[in-house]
Amino acid sequence: QVQLVESGGGLVQAGGSLRLSCAASGSDDSLSAMGWFRQAPGKKQREPVASITSTGTTNYVESVKGRFTISRDNTKSTVYLQMNSLKPEDTAVYYCYSYRYIIWGQGTQVTVSS
């Protein structure tokens with residue numbers, strides 16, 4: 001059974017940086033396409049933030065372009081989200097998602113203070 005575990009969230013001041021990690025366990029194959037989503041306080045739906053294919057093609061929501069970078073290390077079955085120049089509006093619970101296995105991680109809280 002494949003499981004995704006996020007880490008790296010926390011409290012940071014505006015303008016600061018955080019790096020999120022999403023480690024997969026229980027998978028013998030490539031993770032294929034992976035994504036990061038976030039759910040802001042008071043919002044009912046999760047917003048897609050970034051995605052990466054098995055070959056490294058990336059996509060970003062407009063609001064994070066130039067600030068966030070998604071990457072992967074297939075040897076470690078891990079996907080990362082480097083977040084720079086953080087803004088208070090980036091505050092949310094961040095989730096990683098496997099498009100292949102259609103599963104979510106448990107989420108990690110990111111709080112950006114002004």
# chains A, B, ... in the order shown; residues from 1 in each chain; ligands from 1
>>> residues_around(residues="region 83-85 of chain A", least_positions_apart="2", cutoff="10 Å", atoms="only C-alpha atoms", output="list in words")
Gln13, Ala14, Gly15, Gly16, Ser17, Leu18, Arg19, Leu20, Val64, Gly66, Arg67, Phe68, Thr69, Ile70, Tyr80, Leu81, Lys87 and Asp90 of chain A
>>> select_by_dssp(residues="region 2-109 of chain A", states="strand (DSSP E or B)", output="count of residues only")
55
>>> residues_around(residues="Ser7 (chain A)", least_positions_apart="6", cutoff="12 Å", atoms="only C-alpha atoms", output="MDAnalysis selection string")
chainID A and resid 18:24 78:81 93:96 105:110
>>> residues_around(residues="Ile102 (chain A)", least_positions_apart="2", cutoff="12 Å", atoms="only C-alpha atoms", output="ChimeraX atom specification")
/A:1-4,31-35,96-100,104-105
>>> residues_around(residues="Pro88 (chain A)", least_positions_apart="4", cutoff="8 Å", atoms="only C-alpha atoms", output="list in words")
Ala14, Thr111, Val112, Ser113 and Ser114 of chain A
>>> atom_distance(atom1="CA of Val12 (chain A)", atom2="CA of Ala92 (chain A)")
12.3 Å
>>> select_by_dssp(residues="chain A", states="helix (DSSP H, G or I)", output="list in words")
Glu62, Ser63, Val64, Pro88, Glu89 and Asp90 of chain A
>>> closest_residue(among="A:Phe37, A:Val5, A:Glu89, A:Gly42", to="Tyr60 (chain A)", atoms="only C-alpha atoms")
A:Phe37
>>> residues_around(residues="Thr57 (chain A)", least_positions_apart="2", cutoff="10 Å", atoms="only C-alpha atoms", output="ChimeraX atom specification")
/A:33,51-55,59,70-71
>>> write_last_selection(atoms="N, CA, C and O atoms", output="PDB file, in the first residue's frame")
ATOM      1  N   ALA A  33       3.416  11.064 -12.294  1.00  0.00           N
ATOM      2  CA  ALA A  33       3.118  12.480 -12.058  1.00  0.00           C
ATOM      3  C   ALA A  33       2.709  12.716 -10.612  1.00  0.00           C
ATOM      4  O   ALA A  33       1.964  11.933 -10.019  1.00  0.00           O
ATOM      5  N   SER A  51       2.799  20.914 -10.286  1.00  0.00           N
ATOM      6  CA  SER A  51       2.825  19.496 -10.631  1.00  0.00           C
ATOM      7  C   SER A  51       4.103  19.194 -11.393  1.00  0.00           C
ATOM      8  O   SER A  51       4.724  20.095 -11.977  1.00  0.00           O
ATOM      9  N   ILE A  52       4.459  17.919 -11.385  1.00  0.00           N
ATOM     10  CA  ILE A  52       5.665  17.491 -12.087  1.00  0.00           C
ATOM     11  C   ILE A  52       5.424  16.090 -12.640  1.00  0.00           C
ATOM     12  O   ILE A  52       4.885  15.222 -11.955  1.00  0.00           O
ATOM     13  N   THR A  53       5.813  15.890 -13.906  1.00  0.00           N
ATOM     14  CA  THR A  53       5.652  14.579 -14.522  1.00  0.00           C
ATOM     15  C   THR A  53       6.853  13.694 -14.192  1.00  0.00           C
ATOM     16  O   THR A  53       7.834  14.147 -13.586  1.00  0.00           O
ATOM     17  N   SER A  54       6.784  12.457 -14.622  1.00  0.00           N
ATOM     18  CA  SER A  54       7.883  11.527 -14.359  1.00  0.00           C
ATOM     19  C   SER A  54       9.164  11.952 -15.065  1.00  0.00           C
ATOM     20  O   SER A  54      10.261  11.595 -14.636  1.00  0.00           O
ATOM     21  N   THR A  55       9.025  12.720 -16.142  1.00  0.00           N
ATOM     22  CA  THR A  55      10.206  13.169 -16.889  1.00  0.00           C
ATOM     23  C   THR A  55      10.645  14.576 -16.491  1.00  0.00           C
ATOM     24  O   THR A  55      11.579  15.109 -17.082  1.00  0.00           O
ATOM     25  N   ASN A  59       4.497  22.378 -13.951  1.00  0.00           N
ATOM     26  CA  ASN A  59       3.455  23.379 -14.150  1.00  0.00           C
ATOM     27  C   ASN A  59       3.167  24.047 -12.811  1.00  0.00           C
ATOM     28  O   ASN A  59       3.274  23.405 -11.753  1.00  0.00           O
ATOM     29  N   ILE A  70       8.981  23.093  -7.947  1.00  0.00           N
ATOM     30  CA  ILE A  70       8.725  21.690  -7.660  1.00  0.00           C
ATOM     31  C   ILE A  70       9.832  20.858  -8.294  1.00  0.00           C
ATOM     32  O   ILE A  70      10.283  21.153  -9.401  1.00  0.00           O
ATOM     33  N   SER A  71      10.274  19.846  -7.575  1.00  0.00           N
ATOM     34  CA  SER A  71      11.315  18.960  -8.096  1.00  0.00           C
ATOM     35  C   SER A  71      11.105  17.562  -7.533  1.00  0.00           C
ATOM     36  O   SER A  71      10.268  17.363  -6.654  1.00  0.00           O
TER      37      SER A  71
END
